Amino acid sequence: MDDTELIRDSQNGDLDSFNELVRRYQKMAYNLAFRMLGDAQSADDATQDAFISAWKNIHRFRGGSFKAWVLQITANACRDQLRRIKRRPAIPLESLPYDPPAVSAESPEDYAIRKEMEVYVQKGLETLPAEQRMAVILCDVQGLTYEEVAKVMGCSMGTVKSRINRGRTQLRDYLARMELISPEFRHKE
Amino acid sequence: MWQPFARFKRDACSETGTLLSGYVDRRLNPEEQARVEEHLGGCRRCREELESLRAAVALLRSLPEVEPSRSFAVAPTKPLPGRAALPALRFAVAAVVLLLVGTLAVDQTNLLVGDRDTGSYLGAISESNGERAYWTVDGLKNTIIDPATDSVETKAVTLVVPDGSDNAVMAVSSLAAANDGVLCGNIFSTGYDETEVVLAGGEDQAAVAGDVEKFAVVDVGSDNQSRFATNGYTGEMDEWDAKSVPTLSFNMVPLDSGNAVLYSFNLDEAQLRLAEPADDDRWLRPMEYSLVGLAAILAGAAAVLWFRQRKAKALQAIKIRD
């Protein structure tokens, strides 16, 4: 069954159809929440809130990209969660969700390095102001186009470009300070 | 060409810096692309900047997908079990609900309020460029009127209010607070076909640089230079988001210009979130205290009735059993 039918049935009140849509989109939504909020519990709460809100407002979906609509609701749920948290959550290495085991070609050292890199990139993301963080996650982690990012975030194209640029620059500066990118690339003071 | 404001002077490296992401994503227009490539050809620092940016983007793209630990399927809401309640109990519950709703409605619509400004304040998004924190308020519908020709063009303008306070309320009220609505501002191009207006309250020159313009803020639809107020809560539902979006409208008029409107802001689609009201003094009115008290009394009465009914049923059950 393709999404259009499921959406139509959901709008007619069929919760099972809606939950099939949830199954299809929950990983994407959860990943946005997790990268935005930095810990599994908050990401859980935000994702659950997002899908409950999506179910309550399914009749408002008027066509176009359902993926963008879900991401927009998830983005709003993340903003609400951030206001509740009102702090930058720390992310200890041990608390990251379980990763699939390393592929056979990857040595344990490579796996450990890859894991550590992931933690620092996540920490770097969390140093960004929320709107820049979201723009960078949507563009570079979720792979959305600038137009899709503008739609999800509800802002102008110029704002999207500006946030992506400033977010990436600030992340780069953080990674340079952590010497994960070569130090001479540090942003000019 | 109409150029009433001198462009903010940026050196070529700064300008290239703002375009690098667009360059990485191949989203620049041909003219910008050519300018960037020309600059990169002769500037090692910017080439390094580009490489490090690419490295950061590559790291972001290599982030693994996280597997959620559970399903987020929505559970059906359980219908309330039917009960044969006493008519009196039903009445009490209904009355309590009505009173609570009424109290809330009275409070939310400020029915009993005089001139006090107790409505929701517009928040803004806090950003930081590393050195200072400030608030940005994005406007999507901004008309720029050429006072000489009255021609109108629409440009996207990002309104930046360098306030430095944590209080979201200040972002709005500070625009009107200083010098009876007079602001200083600096206008420059961000490099993405976008104009940025940086405002400061009064004479705070530390927040602006380059050419400074002085504006007055006027109510929309009025030529009087006076403090503006938000249009308040319109109650319109955004089509995507269940939350209602408030509006803020005001005009900026250059001083001594004969009130020719220069910038017109209508932030009804703005990226604004409602900040929590600074002081929750909404419950300090006697009428509402008494309504709440009445609701509490009725809730108590309903509870008493409820327990009596349970007791009666329990007694009945015992009787039947015996």
# chains A, B, ... in the order shown; residues from 1 in each chain; ligands from 1
>>> interface_residues(of="chain A", to="chain B", cutoff="6 Å", atoms="only C-alpha atoms", output="list in words")
Asn19, Val22, Asn31, Gln48, Pro129, Asp140, Val141, Gly158, Asn165, Arg172 and Phe185 of chain A
>>> select_by_dssp(residues="range 35-144 of chain A", states="alpha helix (DSSP H)", output="VMD selection string")
chain A and resid 35 to 37 40 to 56 66 to 85 108 to 126 130 to 136
>>> decode(residues="range 114-164 of chain A", atoms="C-alpha atoms", output="short mmCIF file (atom, residue, chain, number, x, y, z; two decimals), in the first residue's frame")
data_model
loop_
_atom_site.label_atom_id
_atom_site.label_comp_id
_atom_site.auth_asym_id
_atom_site.auth_seq_id
_atom_site.Cartn_x
_atom_site.Cartn_y
_atom_site.Cartn_z
CA ARG A 114 34.50 5.93 14.42
CA LYS A 115 32.48 5.78 17.65
CA GLU A 116 34.52 8.55 19.23
CA MET A 117 34.13 10.72 16.15
CA GLU A 118 30.39 10.27 16.32
CA VAL A 119 30.32 11.43 19.92
CA TYR A 120 32.32 14.56 19.14
CA VAL A 121 30.23 15.45 16.12
CA GLN A 122 27.11 15.05 18.28
CA LYS A 123 28.66 17.17 21.03
CA GLY A 124 29.63 19.73 18.45
CA LEU A 125 26.05 19.82 17.20
CA GLU A 126 24.89 20.51 20.72
CA THR A 127 27.05 23.65 20.92
CA LEU A 128 25.01 25.17 18.11
CA PRO A 129 21.99 27.39 18.75
CA ALA A 130 18.86 25.33 18.25
CA GLU A 131 17.76 26.72 14.90
CA GLN A 132 21.22 26.36 13.35
CA ARG A 133 21.48 22.86 14.74
CA MET A 134 18.19 21.89 13.22
CA ALA A 135 19.09 23.36 9.82
CA VAL A 136 22.40 21.48 9.76
CA ILE A 137 20.81 18.19 10.89
CA LEU A 138 18.06 18.42 8.29
CA CYS A 139 20.48 19.28 5.49
CA ASP A 140 23.57 17.22 6.25
CA VAL A 141 22.33 14.37 8.43
CA GLN A 142 18.87 13.84 6.95
CA GLY A 143 19.88 14.85 3.43
CA LEU A 144 17.08 17.32 2.73
CA THR A 145 17.38 19.97 0.03
CA TYR A 146 17.43 23.64 1.02
CA GLU A 147 13.82 23.91 -0.15
CA GLU A 148 12.74 21.01 2.03
CA VAL A 149 14.59 22.46 5.00
CA ALA A 150 12.82 25.79 4.50
CA LYS A 151 9.47 24.00 4.42
CA VAL A 152 10.17 21.95 7.52
CA MET A 153 11.53 24.88 9.50
CA GLY A 154 8.97 27.36 8.20
CA CYS A 155 11.48 30.03 7.25
CA SER A 156 12.79 31.77 4.16
CA MET A 157 15.44 30.39 1.84
CA GLY A 158 17.86 33.12 2.86
CA THR A 159 17.45 32.17 6.48
CA VAL A 160 18.03 28.50 5.67
CA LYS A 161 21.24 29.25 3.81
CA SER A 162 22.44 31.52 6.57
CA ARG A 163 21.69 29.01 9.32
CA ILE A 164 23.31 26.14 7.47
#
